[in-house]
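J.: Sharing start.txt here; it has compact mmCIF, C-alpha atoms.
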# COMPACT_ATOMS: atom_id res chain seq x y z
CA MET A 1 -19.53 -11.89 -18.90
CA SER A 2 -22.12 -10.36 -16.62
CA LEU A 3 -21.89 -11.82 -13.17
CA THR A 4 -24.55 -9.87 -11.32
CA GLY A 5 -28.07 -8.70 -12.01
CA SER A 6 -28.89 -5.30 -13.42
CA SER A 7 -31.73 -4.20 -11.18
CA SER A 8 -31.13 -0.78 -9.64
CA THR A 9 -33.91 -1.00 -7.05
CA PRO A 10 -32.35 -1.62 -3.61
CA THR A 11 -33.92 -4.59 -1.90
CA PRO A 12 -32.63 -6.16 1.29
CA PRO A 13 -30.92 -9.52 0.77
CA PRO A 14 -32.60 -12.51 2.46
CA VAL A 15 -31.28 -13.25 5.90
CA LEU A 16 -31.85 -16.98 6.07
CA SER A 17 -28.71 -17.81 4.04
CA ILE A 18 -26.33 -16.36 6.60
CA ASP A 19 -25.28 -17.99 9.84
CA PRO A 20 -27.35 -16.49 12.70
CA ARG A 21 -24.11 -15.65 14.51
CA TYR A 22 -23.28 -13.12 11.80
CA ARG A 23 -26.64 -11.42 11.30
CA VAL A 24 -25.65 -8.43 13.41
CA SER A 25 -22.49 -8.12 11.28
CA LEU A 26 -24.64 -8.15 8.15
CA LYS A 27 -26.76 -5.35 9.58
CA ILE A 28 -23.65 -3.30 10.37
CA VAL A 29 -22.36 -3.69 6.83
CA LEU A 30 -25.71 -2.85 5.23
CA ARG A 31 -25.88 0.23 7.41
CA GLY A 32 -22.40 1.28 6.29
CA LEU A 33 -23.47 0.81 2.68
CA GLY A 34 -26.66 2.83 3.17
CA MET A 35 -28.77 -0.18 2.17
CA PRO A 36 -32.23 -1.24 3.38
CA ILE A 37 -32.24 -3.51 6.41
CA PRO A 38 -34.17 -6.82 6.21
CA THR A 39 -37.21 -7.01 8.45
CA GLU A 40 -35.68 -9.84 10.46
CA LEU A 41 -32.77 -7.61 11.51
CA ARG A 42 -34.68 -4.46 12.39
CA THR A 43 -35.17 -3.14 15.89
CA PRO A 44 -37.76 -0.56 16.99
CA ASP A 45 -35.17 2.19 16.65
CA ASP A 46 -34.34 1.36 13.02
CA ASP A 47 -35.72 3.29 10.07
CA GLU A 48 -37.95 0.95 8.07
CA ASN A 49 -36.22 1.72 4.78
CA THR A 50 -32.57 2.72 4.85
CA PHE A 51 -29.80 3.38 7.31
CA SER A 52 -27.87 6.53 6.50
CA SER A 53 -24.15 5.85 6.56
CA ASP A 54 -22.32 7.61 9.39
CA ARG A 55 -18.87 6.61 8.20
CA LYS A 56 -17.26 10.01 8.47
CA ARG A 57 -15.74 8.94 11.77
CA LYS A 58 -12.09 7.96 11.73
CA MET A 59 -11.47 4.24 11.68
CA SER A 60 -9.71 3.02 14.80
CA ARG A 61 -6.15 1.68 14.57
CA ASP A 62 -7.14 -0.86 17.22
CA LEU A 63 -8.57 -3.98 15.60
CA GLU A 64 -10.66 -4.75 18.66
CA LYS A 65 -12.53 -1.47 18.23
CA ARG A 66 -13.35 -2.02 14.57
CA ASP A 67 -16.72 -3.30 13.44
CA THR A 68 -17.38 -5.50 10.42
CA PHE A 69 -17.72 -2.60 8.00
CA ASP A 70 -14.40 -1.19 9.25
CA HIS A 71 -12.74 -4.53 8.57
CA PHE A 72 -13.91 -4.38 4.96
CA MET A 73 -12.54 -0.88 4.49
CA GLY A 74 -9.27 -1.87 6.15
CA ALA A 75 -8.98 -4.90 3.87
CA ALA A 76 -9.31 -2.60 0.85
CA LYS A 77 -6.35 -0.56 2.12
CA PHE A 78 -4.32 -3.72 2.58
CA PHE A 79 -5.40 -4.84 -0.90
CA ILE A 80 -3.92 -1.69 -2.48
CA ARG A 81 -0.66 -1.88 -0.54
CA ALA A 82 -0.01 -5.62 -0.68
CA GLY A 83 -2.36 -7.14 -3.24
CA ASP A 84 -2.74 -5.04 -6.38
CA THR A 85 -1.91 -1.33 -6.42
CA PHE A 86 -3.94 -0.64 -9.56
CA PRO A 87 -6.80 -3.09 -9.16
CA ASP A 88 -9.99 -3.96 -10.91
CA PHE A 89 -12.16 -4.39 -7.83
CA ARG A 90 -15.12 -5.63 -9.83
CA ARG A 91 -13.23 -8.51 -11.41
CA THR A 92 -11.32 -9.35 -8.25
CA LEU A 93 -14.48 -9.52 -6.13
CA GLU A 94 -16.57 -11.37 -8.66
CA TYR A 95 -13.98 -13.77 -10.04
CA GLY A 96 -12.52 -14.35 -6.60
CA SER A 97 -15.95 -15.05 -5.13
CA LEU A 98 -16.82 -17.35 -8.03
CA ASP A 99 -13.58 -19.26 -7.54
CA THR A 100 -14.14 -19.51 -3.79
CA TRP A 101 -17.91 -19.99 -3.44
CA GLY A 102 -19.32 -20.44 -6.93
CA THR A 103 -19.88 -24.16 -6.64
CA GLU A 104 -21.32 -24.18 -3.12
CA GLU A 105 -24.88 -23.22 -3.93
CA ALA A 106 -27.20 -24.79 -6.49
CA GLY A 107 -27.81 -22.37 -9.30
CA ALA A 108 -24.75 -20.20 -8.52
CA THR A 109 -22.75 -19.09 -11.55
CA THR A 110 -19.62 -21.17 -12.02
CA LEU A 111 -16.43 -20.82 -14.05
CA ASN A 112 -15.28 -23.30 -16.65
CA SER A 113 -11.61 -24.24 -16.92
CA SER A 114 -10.82 -21.57 -19.51
CA GLU A 115 -12.44 -18.81 -17.45
CA ARG A 116 -10.63 -20.01 -14.32
CA ALA A 117 -7.30 -19.66 -16.08
CA LYS A 118 -8.14 -16.10 -17.14
CA CYS A 119 -9.15 -15.06 -13.64
CA ALA A 120 -6.33 -16.81 -11.76
CA HIS A 121 -4.71 -13.49 -10.83
CA HIS A 122 -7.92 -12.05 -9.43
CA ALA A 123 -8.67 -15.22 -7.50
CA SER A 124 -5.17 -15.23 -6.02
CA VAL A 125 -5.44 -11.61 -4.88
CA PHE A 126 -8.93 -12.26 -3.52
CA LYS A 127 -7.57 -15.00 -1.26
CA LYS A 128 -5.04 -12.52 0.17
CA VAL A 129 -7.89 -10.20 1.07
CA LEU A 130 -9.86 -13.02 2.71
CA LYS A 131 -6.93 -13.76 4.99
CA VAL A 132 -7.14 -10.31 6.60
CA LEU A 133 -10.92 -10.46 7.04
CA PRO A 134 -12.31 -11.93 10.29
CA PRO A 135 -14.87 -14.78 10.04
CA ASP A 136 -17.91 -12.52 10.37
CA ALA A 137 -16.76 -10.32 7.47
CA GLN A 138 -16.05 -13.37 5.33
CA ALA A 139 -19.54 -14.68 6.07
CA VAL A 140 -21.13 -11.36 5.11
CA LEU A 141 -19.09 -11.18 1.91
CA ARG A 142 -20.16 -14.68 0.93
CA HIS A 143 -23.78 -13.85 1.75
CA LEU A 144 -23.81 -10.68 -0.36
CA TYR A 145 -22.16 -12.50 -3.25
CA LEU A 146 -24.55 -15.46 -3.23
CA ASN A 147 -27.48 -13.02 -3.25
CA SER A 148 -25.96 -10.65 -5.83
CA ILE A 149 -27.99 -12.02 -8.74
CA ASP A 150 -31.36 -11.28 -7.15
CA CYS A 151 -30.16 -8.40 -4.97
CA PRO A 152 -27.25 -6.65 -6.74
CA ALA A 153 -27.39 -3.26 -5.02
CA PRO A 154 -25.51 -4.16 -1.78
CA TRP A 155 -22.84 -6.05 -3.74
CA LYS A 156 -22.31 -3.09 -6.07
CA ALA A 157 -22.28 -0.63 -3.17
CA LEU A 158 -19.68 -2.71 -1.33
CA ARG A 159 -17.48 -2.80 -4.42
CA GLN A 160 -17.69 0.98 -4.75
CA LYS A 161 -16.88 1.51 -1.07
CA LEU A 162 -13.91 -0.84 -1.27
CA ASN A 163 -12.64 0.91 -4.37
CA LYS A 164 -12.82 4.31 -2.67
CA SER A 165 -11.19 3.07 0.53
CA GLY A 166 -8.32 1.57 -1.44
CA LYS A 167 -7.75 4.73 -3.46
CA ASP A 168 -7.93 6.82 -0.29
CA ALA A 169 -5.15 4.70 1.23
CA ARG A 170 -2.95 5.14 -1.82
CA GLU A 171 -3.54 8.90 -1.89
CA HIS A 172 -2.91 9.09 1.87
CA ASP A 173 0.50 7.45 1.47
CA THR A 174 1.29 9.67 -1.51
CA ASN A 175 0.45 12.85 0.42
CA LYS A 176 2.46 11.77 3.47
CA LEU A 177 5.50 10.83 1.36
CA LYS A 178 5.63 13.77 -1.03
CA HIS A 179 7.75 15.90 1.32
CA LYS A 180 10.03 13.06 2.52
CA LEU A 181 12.93 13.80 0.17
CA ALA A 182 15.31 13.17 3.07
CA TYR A 183 14.63 9.47 2.45
CA LEU A 184 16.70 9.77 -0.73
CA VAL A 185 20.03 10.75 0.79
CA PRO A 186 22.33 8.18 2.42
CA ASN A 187 22.54 9.99 5.76
CA PRO A 188 19.65 12.41 6.37
CA THR A 189 21.37 13.93 9.42
CA THR A 190 24.40 15.13 7.43
CA ASP A 191 23.59 14.94 3.71
CA ILE A 192 21.78 17.91 2.19
CA ILE A 193 19.96 18.23 -1.11
CA ILE A 194 21.14 21.36 -2.90
CA PRO A 195 19.31 23.52 -3.97
CA VAL A 196 17.12 23.08 -0.90
CA LEU A 197 13.51 22.21 -1.62
CA THR A 198 10.83 23.43 0.77
CA ASP A 199 7.47 21.73 1.24
CA ALA A 200 5.93 24.54 -0.79
CA ALA A 201 8.18 23.91 -3.80
CA PRO A 202 6.19 22.91 -6.89
CA LYS A 203 6.50 19.36 -8.21
CA ASN A 204 8.35 20.44 -11.35
CA ALA A 205 11.09 21.96 -9.20
CA ARG A 206 12.07 18.51 -7.97
CA TRP A 207 12.04 16.81 -11.32
CA LEU A 208 14.77 16.65 -13.98
CA ALA A 209 15.29 20.38 -13.57
CA HIS A 210 16.73 19.79 -10.09
CA PRO A 211 20.43 18.87 -10.31
CA MET A 212 20.28 16.28 -7.53
CA ILE A 213 16.75 14.91 -7.86
CA ARG A 214 17.35 14.08 -11.51
CA TYR A 215 20.19 11.80 -10.48
CA TYR A 216 17.78 9.66 -8.45
CA VAL A 217 15.01 9.54 -11.04
CA LEU A 218 17.10 8.88 -14.15
CA PRO A 219 17.79 5.28 -15.11
CA PRO A 220 21.36 4.37 -14.15
CA ARG A 221 22.48 4.18 -17.78
CA TYR A 222 22.18 7.99 -17.66
CA SER A 223 22.98 8.82 -14.04
CA THR A 224 26.26 6.86 -14.12
CA LYS A 225 27.45 9.22 -16.89
CA LEU A 226 26.92 12.26 -14.64
CA PRO A 227 29.44 13.39 -12.01
CA PRO A 228 28.96 11.58 -8.68
CA LEU A 229 26.81 13.47 -6.20
CA VAL A 230 28.57 15.45 -3.48
CA TYR A 231 26.04 16.31 -0.79
CA GLY A 232 26.04 19.97 0.12
CA GLN A 233 27.42 20.92 -3.30
CA ASN A 234 25.25 22.11 -6.17
CA PRO A 235 25.99 19.96 -9.26
CA ASN A 236 25.00 22.91 -11.45
CA LEU A 237 28.15 24.68 -10.29
CA ILE A 238 30.46 22.04 -11.78
CA PRO A 239 32.39 23.73 -14.65
CA ASP A 240 31.54 22.48 -18.14
CA ASP A 241 35.16 21.54 -18.80
CA GLU A 242 34.89 18.98 -16.00
CA LEU A 243 31.93 17.25 -17.60
CA SER A 244 32.35 14.29 -19.92
CA PRO A 245 30.89 14.46 -23.44
CA GLU A 246 28.25 11.92 -22.36
CA ALA A 247 27.27 14.05 -19.35
CA LYS A 248 27.03 17.17 -21.54
CA ALA A 249 24.80 15.34 -24.00
CA ILE A 250 22.47 14.14 -21.24
CA LEU A 251 22.22 17.61 -19.69
CA ASP A 252 21.53 19.14 -23.11
CA ARG A 253 18.68 16.67 -23.66
CA ILE A 254 17.26 17.52 -20.22
CA ALA A 255 17.46 21.24 -20.97
CA SER A 256 15.73 20.81 -24.33
CA GLY A 257 13.05 18.55 -22.89
CA THR A 258 13.89 15.68 -25.23
CA LEU A 259 15.02 13.23 -22.54
CA LYS A 260 12.04 11.24 -21.33
CA THR A 261 11.78 8.65 -18.57
CA HIS A 262 9.79 5.48 -19.11
CA ALA A 263 8.03 3.03 -16.83
CA LYS A 264 10.06 0.20 -18.38
CA ASP A 265 13.20 1.67 -16.78
CA MET A 266 14.31 1.04 -13.21
CA PHE A 267 15.48 4.36 -11.78
CA THR A 268 18.75 4.94 -9.99
CA CYS A 269 17.63 5.13 -6.36
CA LEU A 270 16.20 1.61 -6.60
CA TYR A 271 19.76 0.30 -6.77
CA ALA A 272 22.33 -0.12 -4.04
CA ASP A 273 24.92 2.62 -4.43
CA GLY A 274 27.48 1.78 -7.10
CA SER A 275 25.98 -1.63 -7.87
CA TYR A 276 24.55 -1.06 -11.35
CA ASP A 277 25.79 -3.47 -14.02
CA PRO A 278 24.72 -2.43 -17.55
CA GLU A 279 24.82 -6.07 -18.69
CA HIS A 280 22.85 -7.48 -15.76
CA TYR A 281 20.10 -5.09 -14.66
CA GLN A 282 19.06 -7.14 -11.61
CA VAL A 283 22.40 -6.73 -9.83
CA GLY A 284 21.78 -4.46 -6.84
CA LEU A 285 18.17 -3.80 -7.92
CA PHE A 286 15.63 -3.08 -5.14
CA ARG A 287 18.42 -2.69 -2.59
CA GLY A 288 18.44 1.09 -2.43
CA HIS A 289 18.02 2.72 0.99
CA ALA A 290 15.20 4.96 -0.28
CA LEU A 291 13.04 1.94 -1.10
CA VAL A 292 13.66 0.48 2.35
CA ARG A 293 12.61 3.75 3.96
CA VAL A 294 9.38 3.98 1.96
CA LEU A 295 8.50 0.43 3.01
CA ILE A 296 9.17 1.29 6.65
CA HIS A 297 7.08 4.46 6.30
CA VAL A 298 4.09 2.56 4.91
CA TRP A 299 4.16 -0.50 7.15
CA LEU A 300 5.76 0.63 10.44
CA GLY A 301 5.07 4.37 10.34
CA PRO A 302 7.12 7.46 9.46
CA GLY A 303 8.45 7.71 13.00
CA GLN A 304 10.32 4.44 12.49
CA VAL A 305 12.09 5.38 9.25
CA LEU A 306 15.13 7.05 10.76
CA ALA A 307 14.96 5.38 14.17
CA LEU A 308 18.06 3.58 15.38
CA PRO A 309 17.93 -0.19 14.90
CA GLY A 310 16.75 -2.04 17.95
CA ASP A 311 15.01 -5.19 19.01
CA GLU A 312 11.69 -3.58 19.88
CA ASP A 313 8.42 -5.06 18.65
CA ILE A 314 6.46 -3.90 15.64
CA PRO A 315 4.68 -0.70 16.77
CA LYS A 316 1.12 -1.31 17.89
CA GLY A 317 -1.48 0.07 15.52
CA CYS A 318 0.78 0.35 12.46
CA ASN A 319 -0.20 -1.34 9.21
CA ALA A 320 2.17 -4.25 9.81
CA ASP A 321 0.53 -4.86 13.20
CA ILE A 322 -3.03 -4.49 11.94
CA PHE A 323 -2.56 -6.91 9.06
CA ASP A 324 -0.02 -9.23 10.69
CA VAL A 325 2.72 -8.44 8.17
CA SER A 326 6.34 -9.25 8.99
CA GLU A 327 7.78 -10.08 5.57
CA VAL A 328 8.13 -8.00 2.39
CA THR A 329 6.39 -9.47 -0.64
CA GLU A 330 6.79 -8.68 -4.33
CA GLU A 331 3.54 -6.73 -4.32
CA MET A 332 4.57 -4.69 -1.28
CA ALA A 333 7.88 -3.85 -2.94
CA ALA A 334 6.15 -2.88 -6.20
CA TYR A 335 3.73 -0.60 -4.33
CA ALA A 336 6.64 1.09 -2.54
CA VAL A 337 8.50 1.54 -5.83
CA CYS A 338 5.47 3.36 -7.28
CA GLN A 339 5.17 5.56 -4.19
CA LEU A 340 8.89 6.34 -4.33
CA ARG A 341 8.64 7.26 -8.00
CA THR A 342 5.65 9.50 -7.21
CA MET A 343 7.58 11.17 -4.37
CA ILE A 344 10.29 12.33 -6.75
CA GLY A 345 8.00 12.70 -9.76
CA ARG A 346 6.02 15.53 -11.22
CA ALA A 347 2.48 14.49 -10.35
CA ASP A 348 0.55 12.50 -7.81
CA CYS A 349 0.09 8.75 -8.05
CA ALA A 350 -1.60 7.57 -11.28
CA GLN A 351 -1.90 11.12 -12.67
CA GLU A 352 1.13 11.48 -14.96
CA LYS A 353 0.01 11.60 -18.57
CA ASP A 354 3.28 10.43 -20.14
CA TYR A 355 4.28 7.92 -17.48
CA LYS A 356 2.05 5.02 -16.46
CA LEU A 357 2.74 3.97 -12.91
CA SER A 358 0.59 0.89 -13.49
CA ASP A 359 3.17 -0.18 -16.08
CA LEU A 360 5.98 0.44 -13.60
CA TYR A 361 4.14 -1.72 -11.06
CA LYS A 362 3.83 -4.57 -13.57
CA ASN A 363 7.49 -4.21 -14.57
CA VAL A 364 8.64 -4.48 -10.96
CA LEU A 365 6.67 -7.71 -10.55
CA ALA A 366 8.10 -8.93 -13.85
CA ALA A 367 11.64 -8.24 -12.62
CA PHE A 368 11.05 -10.47 -9.60
CA LYS A 369 9.92 -13.27 -11.92
CA ASP A 370 12.64 -12.76 -14.54
CA ASP A 371 14.97 -15.77 -14.58
CA SER A 372 16.36 -15.18 -18.09
CA ASP A 373 19.85 -14.13 -16.92
CA VAL A 374 21.76 -17.33 -16.14
CA THR A 375 24.51 -15.33 -14.42
CA ILE A 376 22.03 -14.22 -11.75
CA SER A 377 21.36 -16.55 -8.84
CA PRO A 378 18.15 -18.54 -9.33
CA THR A 379 17.19 -17.43 -5.83
CA TRP A 380 17.71 -13.72 -6.64
CA ALA A 381 14.05 -12.79 -6.15
CA GLN A 382 13.72 -14.49 -2.77
CA ASP A 383 17.17 -13.27 -1.69
CA THR A 384 16.10 -9.71 -2.52
CA LEU A 385 12.83 -10.04 -0.61
CA ASP A 386 14.68 -11.54 2.36
CA TRP A 387 17.12 -8.63 2.28
CA LEU A 388 14.25 -6.12 2.23
CA THR A 389 12.48 -7.97 5.04
CA GLU A 390 15.58 -7.84 7.22
CA ARG A 391 16.12 -4.11 6.57
CA VAL A 392 12.46 -3.18 7.08
CA PHE A 393 11.40 -5.38 9.99
CA ASN A 394 14.82 -6.00 11.54
CA GLY A 395 13.64 -9.19 13.23
CA ARG A 396 10.82 -7.44 15.07
CA GLY A 397 8.05 -9.51 16.56
CA ARG A 398 4.38 -8.75 16.99
CA PRO A 399 3.53 -6.32 19.80
CA ALA A 400 2.33 -7.82 23.03
CA ASN A 401 -1.46 -7.93 23.31
CA ASN A 402 -1.64 -5.56 26.24
CA GLU A 403 -1.24 -1.91 27.06
CA ASP A 404 2.33 -2.23 28.33
CA ASP A 405 4.36 0.65 26.92
CA GLY A 406 7.75 -0.79 27.85
CA TYR A 407 8.11 1.10 31.10
CA ASP A 408 7.62 -0.03 34.68
CA SER A 409 3.93 -0.78 34.94
CA VAL A 410 3.68 0.89 38.33
CA ASP A 411 1.99 4.28 38.03
CA GLU A 412 3.79 6.17 40.78
CA ILE A 413 1.65 9.29 40.56
CA ALA A 414 -1.62 7.30 40.63
CA GLU A 415 -0.41 5.36 43.67
CA GLN A 416 0.45 8.60 45.50
CA ARG A 417 -3.00 9.99 44.74
CA ALA A 418 -4.61 6.82 46.08
CA ARG A 419 -2.57 7.02 49.30
CA ASN A 420 -3.44 10.68 49.71
CA ARG A 421 -7.15 9.99 49.38
CA ALA A 422 -6.93 7.16 51.91
CA THR A 423 -4.97 9.22 54.49
CA PRO A 424 -6.76 12.20 56.05
CA SER A 425 -4.71 15.38 55.78
CA ALA A 426 -3.31 16.82 58.98
CA ALA A 427 -5.40 19.58 60.51
Can the structure from this file be put into structure tokens for me?
T.:
Amino acid sequence: MSLTGSSSTPTPPPVLSIDPRYRVSLKIVLRGLGMPIPTELRTPDDDENTFSSDRKRKMSRDLEKRDTFDHFMGAAKFFIRAGDTFPDFRRTLEYGSLDTWGTEEAGATTLNSSERAKCAHHASVFKKVLKVLPPDAQAVLRHLYLNSIDCPAPWKALRQKLNKSGKDAREHDTNKLKHKLAYLVPNPTTDIIIPVLTDAAPKNARWLAHPMIRYYVLPPRYSTKLPPLVYGQNPNLIPDDELSPEAKAILDRIASGTLKTHAKDMFTCLYADGSYDPEHYQVGLFRGHALVRVLIHVWLGPGQVLALPGDEDIPKGCNADIFDVSEVTEEMAAYAVCQLRTMIGRADCAQEKDYKLSDLYKNVLAAFKDDSDVTISPTWAQDTLDWLTERVFNGRGRPANNEDDGYDSVDEIAEQRARNRATPSAA
């Protein structure tokens, strides 16, 4: 179903259908998209045709310093991390907009009941994005959507910009996490991965060929057959006569390249240590310390990962602060699982040919919804999310809306300078 027009000639959308309070916001967004500016919004300094986008500047971590276009790009980053890690932006924007605004205007395309059922996921994710957009951005989004039939270029350009911003966020997290192998070990201050991997080590050096990394990335049905890890000791140095037949068979398959990992499997470091039950896969699942640390890295910042627990507020300017996040959701956990798998994998996010991270993402969400095991508590999913929330946010509140850094607000040096300027120096 085609939901927008096909004209490729950029024409400015009419201004009259947007609240006058938000016309400046519309102009800012059109400028960011490189679109023509309607006559009603132009000033003498504006080019009569098109604003060139100047969006190479770094987006501020302070919400108050962001403009409307920045809010859109920030929402795309939130969308990837907490909405849908492998999204279809076109369907989410169009189906979500149809579900939200499609019946408001005469002549607007609407969805019948069958189409609404098919697009329920996209509409649900769209509503999450709306919640992190301020009113002016919501008004601009509605305006561009309602005019997308007659003026499709800005709507298409916005979709492309959102798609790029979201992918940039995912790649940013991947690049920042790829050298954080210390997150895997129980105690990063004392436990050492042997052989040591430097930042310059190739990806394949940390994969199944590495005697410790393979333990984390294998599904527990394999890793539990291997000797327990002893940090600081190279597992390759364990004599063959101390290995079980099962362990020898697994290592032989790794050496021959016949042992493959699959996105349908939950890997070992997603489990709490020693918790795996081969008859009940959900026992201990998503309670591994590495997953908690990746979540902290993404939402509170890498500097908070190994910080001692305290009762301080959520750091100002981190993703949790910007998007008012204080609870872990299924989608946030699934995103972190994919980033964790990428960190210990062979290739960057979404680039492995024989392993689809999008399938892993779906399987994580499916695990949270799986109530087929009657021996598992019916509240397992919520209990797991509550456990993750407690470990990640540790009861932290939102930062105070001021510049207080936690120290005495008196600036002793500034006060001395003021006194010195007010008191003439002795001759």
J.: When you draw a straight line from atom CA of Leu226 of chain A to atom CA of Thr375 of chain A, how long is it in Å?
T.: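 Computed distance, atom CA of Leu226 of chain A to atom CA of Thr375 of chain A, equals 27.7 Å.
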J.: Of the candidates A:Gly303, A:Leu98, A:Ala255, A:Lys131, which one gets nearest to Val325 of chain A if we count only C-alpha atoms?
T.: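 Smallest distance to Val325 of chain A is found for A:Lys131.
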J.: Could you jot down the atom CA of Val374 of chain A to atom CA of Phe286 of chain A separation for me, Å, one decimal place?
T.: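 The value is 19.0 Å.
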J.: Please identify all polymer residues within 10 Å of Ala123 of chain A, counting all atoms listed in the file, omitting same-chain residues fewer than 4 positions from it, and present them as an NGL selection string.
T.: :A and (91-100 or 116-119 or 127-129)
J.: Near Ala209 of chain A, counting only C-alpha atoms, which residues have an atom at most 10 Å away, once you skip same-chain residues fewer than 2 positions from it, shown as a PyMOL selection string?
T.: chain A and resi 204-207+211-214+251+254-255+257
J.: What is the atom CA of Lys180 of chain A-atom CA of His262 of chain A distance in Å, reported with one decimal?
T.: 22.9 Å
J.: Per residue of segment 313-351 of chain A within 10 Å of segment 215-223 of chain A, which atom pair is closest and at what distance in Å (one decimal), using only C-alpha atoms, listed by chain and increasing number, as a Markdown table?
T.:
| residue | atom | partner | partner_atom | distance |
| --- | --- | --- | --- | --- |
| A:Leu340 | CA | A:Val217 | CA | 9.6 |
| A:Arg341 | CA | A:Val217 | CA | 7.4 |
| A:Ile344 | CA | A:Val217 | CA | 7.0 |
| A:Gly345 | CA | A:Val217 | CA | 7.8 |
J.: Which one of A:Val337, A:Val292, A:Leu229, A:Ala82 sits closest to Asn319 of chain A if you count only C-alpha atoms?
T.: A:Ala82
J.: Between A:Ile322, A:Ala307, A:Val24, A:Ala76, which residue has the minimum interatomic distance to Gln160 of chain A, considering all atoms listed in the file?
T.: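 The shortest atom-to-atom distance to Gln160 of chain A comes from A:Ala76.
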J.: So that I can see what lies close to segment 329-336 of chain A, please list as a PyMOL selection string the residues with an atom at most 10 Å from it, counting all atoms listed in the file and leaving out residues fewer than 6 positions away in the same chain.
T.: chain A and resi 78-86+170+173+286+290-299+342+357-358+360-369+381-382+384-386+388-389
J.: Set the distance at 7 Å and use all atoms listed in the file: which residues neighbour Phe69 of chain A once local chain neighbours fewer than 3 positions away are removed? I'd like the list as a list in words.
T.: Ile28, Val29, Gly32, Phe72 and Met73 of chain A
